[in-house]
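Note: the block below is my_file_8.txt and it holds compact mmCIF, N, CA and C atoms.
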# COMPACT_ATOMS: atom_id res chain seq x y z
N MET A 759 -22.18 -5.01 -4.82
CA MET A 759 -22.29 -5.86 -5.99
C MET A 759 -21.68 -5.15 -7.19
N ASP A 760 -20.91 -5.87 -7.97
CA ASP A 760 -20.27 -5.32 -9.15
C ASP A 760 -21.29 -5.19 -10.27
N ASN A 761 -21.31 -4.03 -10.93
CA ASN A 761 -22.24 -3.79 -12.03
C ASN A 761 -21.75 -4.37 -13.35
N LEU A 762 -20.51 -4.83 -13.39
CA LEU A 762 -19.93 -5.34 -14.63
C LEU A 762 -19.84 -6.86 -14.58
N THR A 763 -19.85 -7.45 -15.76
CA THR A 763 -19.62 -8.89 -15.84
C THR A 763 -18.13 -9.14 -15.58
N PRO A 764 -17.77 -10.36 -15.23
CA PRO A 764 -16.34 -10.66 -15.04
C PRO A 764 -15.50 -10.31 -16.27
N ALA A 765 -16.02 -10.55 -17.46
CA ALA A 765 -15.27 -10.23 -18.69
C ALA A 765 -15.09 -8.72 -18.84
N GLN A 766 -16.14 -7.94 -18.54
CA GLN A 766 -16.04 -6.48 -18.61
C GLN A 766 -15.05 -5.96 -17.57
N ARG A 767 -15.11 -6.51 -16.36
CA ARG A 767 -14.20 -6.09 -15.29
C ARG A 767 -12.75 -6.38 -15.69
N LYS A 768 -12.53 -7.57 -16.25
CA LYS A 768 -11.18 -7.94 -16.69
C LYS A 768 -10.66 -6.97 -17.74
N LYS A 769 -11.50 -6.63 -18.70
CA LYS A 769 -11.10 -5.68 -19.75
C LYS A 769 -10.77 -4.32 -19.15
N ASN A 770 -11.60 -3.84 -18.21
CA ASN A 770 -11.33 -2.56 -17.55
C ASN A 770 -9.99 -2.59 -16.81
N MET A 771 -9.74 -3.66 -16.08
CA MET A 771 -8.51 -3.76 -15.30
C MET A 771 -7.29 -3.81 -16.22
N GLN A 772 -7.41 -4.46 -17.37
CA GLN A 772 -6.29 -4.54 -18.30
C GLN A 772 -5.97 -3.19 -18.93
N ASN A 773 -6.95 -2.30 -18.98
CA ASN A 773 -6.75 -1.00 -19.60
C ASN A 773 -6.22 0.06 -18.65
N ILE A 774 -6.04 -0.28 -17.39
CA ILE A 774 -5.53 0.70 -16.42
C ILE A 774 -4.05 0.92 -16.69
N ARG A 775 -3.69 2.18 -16.81
CA ARG A 775 -2.30 2.53 -17.12
C ARG A 775 -1.46 2.65 -15.85
N SER A 776 -0.19 2.30 -15.97
CA SER A 776 0.73 2.55 -14.87
C SER A 776 1.65 3.72 -15.22
N LYS A 777 1.70 4.07 -16.49
CA LYS A 777 2.48 5.22 -16.95
C LYS A 777 1.59 6.07 -17.84
N GLY A 778 1.87 7.36 -17.87
CA GLY A 778 1.12 8.24 -18.74
C GLY A 778 -0.29 8.52 -18.28
N THR A 779 -0.50 8.48 -16.97
CA THR A 779 -1.83 8.76 -16.44
C THR A 779 -2.13 10.25 -16.54
N ILE A 780 -3.38 10.61 -16.42
CA ILE A 780 -3.76 12.02 -16.49
C ILE A 780 -3.05 12.84 -15.41
N PRO A 781 -3.04 12.41 -14.14
CA PRO A 781 -2.31 13.21 -13.14
C PRO A 781 -0.83 13.38 -13.49
N GLU A 782 -0.18 12.34 -14.01
CA GLU A 782 1.22 12.46 -14.43
C GLU A 782 1.36 13.51 -15.52
N LYS A 783 0.50 13.43 -16.52
CA LYS A 783 0.58 14.38 -17.64
C LYS A 783 0.39 15.81 -17.17
N ILE A 784 -0.52 16.02 -16.22
CA ILE A 784 -0.76 17.37 -15.69
C ILE A 784 0.51 17.91 -15.05
N ILE A 785 1.11 17.13 -14.15
CA ILE A 785 2.30 17.58 -13.44
C ILE A 785 3.47 17.78 -14.40
N MET A 786 3.67 16.85 -15.31
CA MET A 786 4.79 16.96 -16.25
C MET A 786 4.63 18.17 -17.15
N ARG A 787 3.42 18.44 -17.60
CA ARG A 787 3.18 19.61 -18.44
C ARG A 787 3.52 20.89 -17.68
N GLU A 788 3.08 20.98 -16.43
CA GLU A 788 3.33 22.19 -15.65
C GLU A 788 4.82 22.36 -15.33
N LEU A 789 5.52 21.27 -15.08
CA LEU A 789 6.97 21.36 -14.85
C LEU A 789 7.68 21.81 -16.12
N LYS A 790 7.28 21.28 -17.27
CA LYS A 790 7.87 21.71 -18.54
C LYS A 790 7.60 23.18 -18.79
N ASN A 791 6.37 23.62 -18.51
CA ASN A 791 6.02 25.03 -18.68
C ASN A 791 6.85 25.93 -17.78
N ALA A 792 7.27 25.40 -16.63
CA ALA A 792 8.11 26.16 -15.70
C ALA A 792 9.59 26.08 -16.08
N GLY A 793 9.90 25.34 -17.14
CA GLY A 793 11.28 25.23 -17.61
C GLY A 793 12.15 24.32 -16.76
N ILE A 794 11.52 23.37 -16.08
CA ILE A 794 12.26 22.46 -15.20
C ILE A 794 12.45 21.13 -15.91
N TYR A 795 13.70 20.68 -15.91
CA TYR A 795 14.03 19.43 -16.59
C TYR A 795 13.99 18.27 -15.61
N PHE A 796 13.49 17.15 -16.10
CA PHE A 796 13.35 15.96 -15.26
C PHE A 796 13.36 14.73 -16.15
N SER A 797 13.55 13.58 -15.53
CA SER A 797 13.38 12.32 -16.25
C SER A 797 12.16 11.62 -15.69
N THR A 798 11.70 10.63 -16.43
CA THR A 798 10.48 9.94 -16.01
C THR A 798 10.70 8.44 -15.91
N HIS A 799 9.95 7.82 -15.01
CA HIS A 799 9.90 6.37 -14.85
C HIS A 799 11.29 5.74 -14.87
N ALA A 800 12.12 6.20 -13.94
CA ALA A 800 13.50 5.73 -13.85
C ALA A 800 13.54 4.31 -13.28
N ASN A 801 13.70 3.34 -14.16
CA ASN A 801 13.72 1.94 -13.74
C ASN A 801 14.96 1.58 -12.94
N ASN A 802 16.00 2.42 -13.02
CA ASN A 802 17.23 2.14 -12.29
C ASN A 802 17.24 2.73 -10.88
N ILE A 803 16.12 3.32 -10.47
CA ILE A 803 15.98 3.85 -9.11
C ILE A 803 14.89 3.04 -8.42
N ILE A 804 15.12 2.66 -7.19
CA ILE A 804 14.17 1.82 -6.46
C ILE A 804 12.77 2.44 -6.52
N GLY A 805 11.79 1.63 -6.83
CA GLY A 805 10.41 2.07 -6.90
C GLY A 805 10.00 2.66 -8.23
N SER A 806 10.94 2.83 -9.16
CA SER A 806 10.68 3.45 -10.47
C SER A 806 9.83 4.71 -10.34
N PRO A 807 10.40 5.77 -9.74
CA PRO A 807 9.63 7.00 -9.54
C PRO A 807 9.07 7.54 -10.85
N ASP A 808 7.94 8.24 -10.74
CA ASP A 808 7.29 8.82 -11.92
C ASP A 808 8.10 9.98 -12.48
N ILE A 809 8.68 10.78 -11.59
CA ILE A 809 9.47 11.95 -11.99
C ILE A 809 10.74 11.95 -11.15
N VAL A 810 11.87 12.24 -11.82
CA VAL A 810 13.16 12.26 -11.12
C VAL A 810 13.92 13.53 -11.49
N PHE A 811 14.43 14.19 -10.47
CA PHE A 811 15.35 15.31 -10.63
C PHE A 811 16.70 14.79 -10.11
N ARG A 812 17.49 14.22 -11.00
CA ARG A 812 18.71 13.51 -10.58
C ARG A 812 19.71 14.41 -9.88
N ARG A 813 19.97 15.58 -10.42
CA ARG A 813 20.97 16.47 -9.81
C ARG A 813 20.56 16.93 -8.42
N LYS A 814 19.28 17.04 -8.20
CA LYS A 814 18.77 17.49 -6.90
C LYS A 814 18.49 16.32 -5.96
N LYS A 815 18.56 15.09 -6.50
CA LYS A 815 18.23 13.88 -5.74
C LYS A 815 16.82 13.95 -5.16
N ILE A 816 15.87 14.30 -6.04
CA ILE A 816 14.46 14.36 -5.68
C ILE A 816 13.70 13.39 -6.58
N VAL A 817 12.80 12.62 -5.97
CA VAL A 817 11.91 11.76 -6.75
C VAL A 817 10.47 12.08 -6.39
N VAL A 818 9.60 11.95 -7.39
CA VAL A 818 8.18 12.20 -7.19
C VAL A 818 7.41 10.95 -7.61
N PHE A 819 6.54 10.51 -6.72
CA PHE A 819 5.62 9.42 -7.03
C PHE A 819 4.22 10.00 -7.11
N ILE A 820 3.51 9.69 -8.17
CA ILE A 820 2.13 10.12 -8.31
C ILE A 820 1.27 8.89 -8.07
N ASP A 821 0.70 8.85 -6.88
CA ASP A 821 -0.01 7.66 -6.42
C ASP A 821 -1.49 7.72 -6.76
N SER A 822 -1.97 6.65 -7.35
CA SER A 822 -3.39 6.53 -7.68
C SER A 822 -4.19 6.32 -6.40
N ASP A 823 -5.35 6.94 -6.34
CA ASP A 823 -6.21 6.84 -5.15
C ASP A 823 -6.60 5.40 -4.88
N PHE A 824 -6.79 4.61 -5.91
CA PHE A 824 -7.19 3.21 -5.73
C PHE A 824 -5.99 2.34 -5.36
N TRP A 825 -4.98 2.30 -6.21
CA TRP A 825 -3.88 1.35 -6.04
C TRP A 825 -3.03 1.61 -4.81
N HIS A 826 -3.04 2.86 -4.33
CA HIS A 826 -2.22 3.20 -3.16
C HIS A 826 -3.07 3.55 -1.95
N LYS A 827 -4.36 3.36 -2.06
CA LYS A 827 -5.33 3.46 -0.95
C LYS A 827 -5.36 4.86 -0.32
N HIS A 828 -5.88 5.80 -1.10
CA HIS A 828 -6.08 7.15 -0.57
C HIS A 828 -6.90 7.06 0.71
N PRO A 829 -6.52 7.80 1.77
CA PRO A 829 -7.19 7.66 3.07
C PRO A 829 -8.69 7.94 3.06
N THR A 830 -9.17 8.80 2.15
CA THR A 830 -10.60 9.11 2.15
C THR A 830 -11.30 8.75 0.84
N ARG A 831 -10.57 8.56 -0.24
CA ARG A 831 -11.19 8.35 -1.55
C ARG A 831 -11.21 6.88 -1.99
N PHE A 832 -10.48 6.04 -1.31
CA PHE A 832 -10.41 4.63 -1.69
C PHE A 832 -11.74 3.93 -1.40
N ILE A 833 -12.21 3.16 -2.36
CA ILE A 833 -13.42 2.35 -2.19
C ILE A 833 -13.05 0.90 -2.50
N MET A 834 -13.25 0.05 -1.52
CA MET A 834 -12.92 -1.37 -1.68
C MET A 834 -13.88 -2.02 -2.68
N PRO A 835 -13.35 -2.75 -3.66
CA PRO A 835 -14.23 -3.47 -4.59
C PRO A 835 -15.09 -4.48 -3.83
N GLN A 836 -16.28 -4.69 -4.33
CA GLN A 836 -17.23 -5.58 -3.66
C GLN A 836 -17.06 -7.04 -4.05
N THR A 837 -16.27 -7.29 -5.09
CA THR A 837 -16.01 -8.68 -5.48
C THR A 837 -14.55 -9.01 -5.21
N ASN A 838 -14.30 -10.26 -4.91
CA ASN A 838 -12.93 -10.73 -4.67
C ASN A 838 -12.24 -9.90 -3.58
N THR A 839 -12.96 -9.61 -2.54
CA THR A 839 -12.52 -8.68 -1.50
C THR A 839 -11.20 -9.10 -0.85
N ASN A 840 -11.06 -10.37 -0.53
CA ASN A 840 -9.81 -10.81 0.11
C ASN A 840 -8.59 -10.55 -0.76
N TYR A 841 -8.73 -10.79 -2.05
CA TYR A 841 -7.64 -10.50 -2.97
C TYR A 841 -7.26 -9.03 -2.90
N TRP A 842 -8.28 -8.15 -2.97
CA TRP A 842 -8.02 -6.72 -3.01
C TRP A 842 -7.44 -6.20 -1.70
N ILE A 843 -7.92 -6.72 -0.59
CA ILE A 843 -7.36 -6.30 0.70
C ILE A 843 -5.86 -6.61 0.73
N ASN A 844 -5.51 -7.84 0.35
CA ASN A 844 -4.10 -8.23 0.35
C ASN A 844 -3.28 -7.43 -0.65
N LYS A 845 -3.82 -7.25 -1.86
CA LYS A 845 -3.11 -6.53 -2.91
C LYS A 845 -2.84 -5.09 -2.50
N ILE A 846 -3.85 -4.40 -2.05
CA ILE A 846 -3.70 -2.99 -1.68
C ILE A 846 -2.79 -2.84 -0.47
N ASN A 847 -2.92 -3.72 0.51
CA ASN A 847 -2.03 -3.66 1.68
C ASN A 847 -0.57 -3.90 1.29
N ARG A 848 -0.33 -4.81 0.35
CA ARG A 848 1.04 -5.02 -0.14
C ARG A 848 1.56 -3.77 -0.83
N ASN A 849 0.71 -3.12 -1.61
CA ASN A 849 1.12 -1.88 -2.27
C ASN A 849 1.53 -0.83 -1.24
N LYS A 850 0.69 -0.66 -0.21
CA LYS A 850 0.98 0.33 0.84
C LYS A 850 2.31 0.00 1.54
N GLN A 851 2.50 -1.26 1.85
CA GLN A 851 3.74 -1.68 2.52
C GLN A 851 4.95 -1.42 1.62
N ARG A 852 4.82 -1.74 0.33
CA ARG A 852 5.91 -1.49 -0.61
C ARG A 852 6.22 0.00 -0.71
N ASP A 853 5.18 0.84 -0.72
CA ASP A 853 5.39 2.29 -0.75
C ASP A 853 6.24 2.74 0.43
N LYS A 854 5.93 2.24 1.62
CA LYS A 854 6.69 2.61 2.82
C LYS A 854 8.15 2.17 2.71
N ILE A 855 8.35 0.95 2.25
CA ILE A 855 9.72 0.42 2.13
C ILE A 855 10.51 1.22 1.11
N VAL A 856 9.91 1.50 -0.04
CA VAL A 856 10.58 2.26 -1.10
C VAL A 856 10.94 3.66 -0.60
N THR A 857 10.00 4.34 0.04
CA THR A 857 10.25 5.69 0.55
C THR A 857 11.39 5.67 1.57
N LYS A 858 11.35 4.73 2.49
CA LYS A 858 12.39 4.63 3.52
C LYS A 858 13.75 4.36 2.90
N GLU A 859 13.82 3.44 1.95
CA GLU A 859 15.09 3.09 1.30
C GLU A 859 15.65 4.27 0.51
N LEU A 860 14.80 4.97 -0.22
CA LEU A 860 15.26 6.13 -0.98
C LEU A 860 15.80 7.21 -0.04
N ARG A 861 15.09 7.50 1.03
CA ARG A 861 15.56 8.51 1.99
C ARG A 861 16.89 8.09 2.62
N LYS A 862 17.01 6.81 2.91
CA LYS A 862 18.26 6.30 3.48
C LYS A 862 19.43 6.53 2.52
N ASN A 863 19.14 6.51 1.22
CA ASN A 863 20.17 6.73 0.19
C ASN A 863 20.29 8.19 -0.24
N GLY A 864 19.70 9.09 0.54
CA GLY A 864 19.90 10.52 0.29
C GLY A 864 18.91 11.18 -0.66
N TRP A 865 17.87 10.47 -1.07
CA TRP A 865 16.86 11.05 -1.96
C TRP A 865 15.79 11.76 -1.14
N ARG A 866 15.30 12.85 -1.68
CA ARG A 866 14.11 13.49 -1.11
C ARG A 866 12.91 12.93 -1.88
N VAL A 867 11.92 12.48 -1.14
CA VAL A 867 10.78 11.78 -1.74
C VAL A 867 9.51 12.61 -1.58
N ILE A 868 8.83 12.83 -2.69
CA ILE A 868 7.54 13.53 -2.70
C ILE A 868 6.52 12.53 -3.22
N ARG A 869 5.44 12.38 -2.48
CA ARG A 869 4.33 11.52 -2.92
C ARG A 869 3.09 12.40 -3.07
N LEU A 870 2.50 12.35 -4.25
CA LEU A 870 1.30 13.13 -4.55
C LEU A 870 0.16 12.18 -4.89
N TRP A 871 -1.03 12.53 -4.47
CA TRP A 871 -2.23 11.75 -4.80
C TRP A 871 -2.82 12.26 -6.11
N GLY A 872 -3.28 11.33 -6.94
CA GLY A 872 -3.94 11.70 -8.19
C GLY A 872 -5.08 12.67 -7.97
N TYR A 873 -5.87 12.43 -6.93
CA TYR A 873 -7.01 13.30 -6.63
C TYR A 873 -6.55 14.72 -6.34
N ASP A 874 -5.47 14.86 -5.55
CA ASP A 874 -4.98 16.19 -5.20
C ASP A 874 -4.48 16.94 -6.43
N ILE A 875 -3.88 16.21 -7.36
CA ILE A 875 -3.41 16.84 -8.60
C ILE A 875 -4.59 17.33 -9.41
N LYS A 876 -5.62 16.51 -9.54
CA LYS A 876 -6.80 16.92 -10.31
C LYS A 876 -7.52 18.08 -9.63
N LYS A 877 -7.52 18.08 -8.31
CA LYS A 877 -8.22 19.12 -7.55
C LYS A 877 -7.45 20.44 -7.58
N SER A 878 -6.13 20.39 -7.38
CA SER A 878 -5.33 21.60 -7.33
C SER A 878 -3.90 21.30 -7.75
N SER A 879 -3.69 21.23 -9.05
CA SER A 879 -2.35 20.92 -9.54
C SER A 879 -1.36 22.01 -9.14
N SER A 880 -1.82 23.25 -9.03
CA SER A 880 -0.90 24.34 -8.67
C SER A 880 -0.34 24.13 -7.26
N ARG A 881 -1.15 23.62 -6.35
CA ARG A 881 -0.66 23.34 -4.99
C ARG A 881 0.40 22.23 -5.03
N CYS A 882 0.17 21.24 -5.86
CA CYS A 882 1.14 20.14 -5.98
C CYS A 882 2.44 20.62 -6.61
N ILE A 883 2.34 21.47 -7.63
CA ILE A 883 3.54 22.02 -8.26
C ILE A 883 4.31 22.87 -7.26
N LYS A 884 3.61 23.67 -6.46
CA LYS A 884 4.29 24.47 -5.43
C LYS A 884 5.05 23.59 -4.46
N ARG A 885 4.46 22.47 -4.11
CA ARG A 885 5.13 21.53 -3.20
C ARG A 885 6.42 20.98 -3.83
N ILE A 886 6.35 20.64 -5.11
CA ILE A 886 7.54 20.14 -5.81
C ILE A 886 8.59 21.25 -5.89
N LEU A 887 8.18 22.44 -6.29
CA LEU A 887 9.13 23.55 -6.46
C LEU A 887 9.78 23.95 -5.15
N LYS A 888 9.04 23.86 -4.06
CA LYS A 888 9.61 24.17 -2.74
C LYS A 888 10.80 23.25 -2.46
N GLU A 889 10.63 21.97 -2.73
CA GLU A 889 11.72 21.00 -2.53
C GLU A 889 12.83 21.25 -3.55
N TYR A 890 12.45 21.50 -4.78
CA TYR A 890 13.41 21.69 -5.87
C TYR A 890 14.31 22.90 -5.61
N ASN A 891 13.75 23.95 -5.05
CA ASN A 891 14.50 25.20 -4.84
C ASN A 891 15.27 25.26 -3.53
N LYS A 892 15.27 24.19 -2.76
CA LYS A 892 16.03 24.18 -1.50
C LYS A 892 17.51 24.17 -1.78
This structure in structure tokens:
Amino acid sequence: MDNLTPAQRKKNMQNIRSKGTIPEKIIMRELKNAGIYFSTHANNIIGSPDIVFRRKKIVVFIDSDFWHKHPTRFIMPQTNTNYWINKINRNKQRDKIVTKELRKNGWRVIRLWGYDIKKSSSRCIKRILKEYNK
């Protein structure tokens, strides 16, 4: 059962950011501190990656545990369940298509979970740098 009224839930959902999330800010800050240059939210690249290293042909997606269905942290909403099942499954399918298409076009794709960034941003940065330094 949802603890919020429909109006409160609607307001919460409208306030969810797609850009400038805390996990994004953490990773971007650490990359800047490491002196690595990147662009953000490239609308001209399929999937609009969160971070792009154009010269290296590397893209990074920072996936939210909810919207991209983290395997262990995702919790299905108790209201409007059919809508959410379809919505989240479409997101997952789109993620697969975007990743496959980018790889087909020569991009290296890194996908990070928001939870993993909050838990150990240094591990996530190491993963990015490993790809970056190849």
*as number ranges by chain, please: all residues of stretch 759-871 of chain A that backbone DSSP puts in alpha helix (DSSP H).*
A: 764-772, 780-791, 839-862
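If you look at atom C of A:Lys892 and atom CA of A:Gly864, they are 14.0 Å away from each other.
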_So that I can check the secondary structure, give me every residue of chain A assigned strand (DSSP E or B) by backbone DSSP, as an NGL selection string._
:A and (797-798 or 809-811 or 816-821 or 866-871)
With all atoms of stretch 793-802 of chain A from the file as input, state the centre and edge lengths in Å to one decimal of the axis-aligned box that has 4 Å extra on each side, as JSON.
{"center_x": 13.6, "center_y": 13.5, "center_z": -14.2, "size_x": 15.3, "size_y": 31.8, "size_z": 14.7}
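With distances taken over all atoms listed in the file, A:Phe824 is the one residue among A:Trp871, A:Trp865, A:Phe811, A:Phe824 lying closest to A:Ile846.
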_As an exercise, work out the distance from atom N of A:Lys815 to atom C of A:Lys888 in Å and give it to one decimal place._
12.0 Å
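Between A:Arg881 and the candidates A:Ile855, A:Ile785, A:Ile843, A:Ile803, the tightest atom-to-atom separation, counting only C-alpha atoms, involves A:Ile785.
All protein, DNA and RNA residues at most 8 Å from (3.4, 5.4, -3.2) are A:Phe819, A:Ile820, A:Asp821, A:Ser822, A:Trp825, A:His826, A:Asn849, A:Lys850, A:Arg852, A:Asp853, A:Lys854, A:Thr857, A:Ile868, A:Arg869, A:Leu870, using only N, CA and C atoms.
From atom CA of A:Arg885 back to atom CA of A:Arg866, the distance works out to 12.2 Å.
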*For A:Val817, work out the shell of residues within 6 Å, counting only C-alpha atoms and skipping chain neighbours fewer than 6 positions away, then give it as a PyMOL selection string.*
chain A and resi 807+809-810+867
Selection export as a compact mmCIF listing (two decimals), in the coordinates of the input, atoms kept: N, CA and C atoms:
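Resulting contents of selection_17.txt:
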# COMPACT_ATOMS: atom_id res chain seq x y z
N PRO A 807 10.40 5.77 -9.74
CA PRO A 807 9.63 7.00 -9.54
C PRO A 807 9.07 7.54 -10.85
N ILE A 809 8.68 10.78 -11.59
CA ILE A 809 9.47 11.95 -11.99
C ILE A 809 10.74 11.95 -11.15
N VAL A 810 11.87 12.24 -11.82
CA VAL A 810 13.16 12.26 -11.12
C VAL A 810 13.92 13.53 -11.49
N VAL A 867 11.92 12.48 -1.14
CA VAL A 867 10.78 11.78 -1.74
C VAL A 867 9.51 12.61 -1.58
*Long-range neighbours of A:Ile804 as a ChimeraX atom specification, 7 Å cut-off, only C-alpha atoms, 2 positions minimum in chain*: /A:802,806,856
Selection to disk with N, CA and C atoms, as a PDB file, keeping the file's coordinate frame:
ATOM      1  N   ASN A 802      16.000   2.420 -13.020  1.00  0.00           N
ATOM      2  CA  ASN A 802      17.230   2.140 -12.290  1.00  0.00           C
ATOM      3  C   ASN A 802      17.240   2.730 -10.880  1.00  0.00           C
ATOM      4  N   SER A 806      10.940   2.830  -9.160  1.00  0.00           N
ATOM      5  CA  SER A 806      10.680   3.450 -10.470  1.00  0.00           C
ATOM      6  C   SER A 806       9.830   4.710 -10.340  1.00  0.00           C
ATOM      7  N   VAL A 856       9.910   1.500  -0.040  1.00  0.00           N
ATOM      8  CA  VAL A 856      10.580   2.260  -1.100  1.00  0.00           C
ATOM      9  C   VAL A 856      10.940   3.660  -0.600  1.00  0.00           C
TER      10      VAL A 856
END
_List as a VMD selection string the protein and nucleic acid residues near A:Ala792, meaning an atom at most 12 Å away when only C-alpha atoms are counted, but skip any in the same chain fewer than 2 places from it._
chain A and resid 785 to 790 794 to 796 880 883 to 884 886 to 887
*Which of these, A:Arg813, A:Asp823, A:Met834, A:Asn847, has the shortest distance to A:Asp874 once you count only N, CA and C atoms?*
A:Asp823
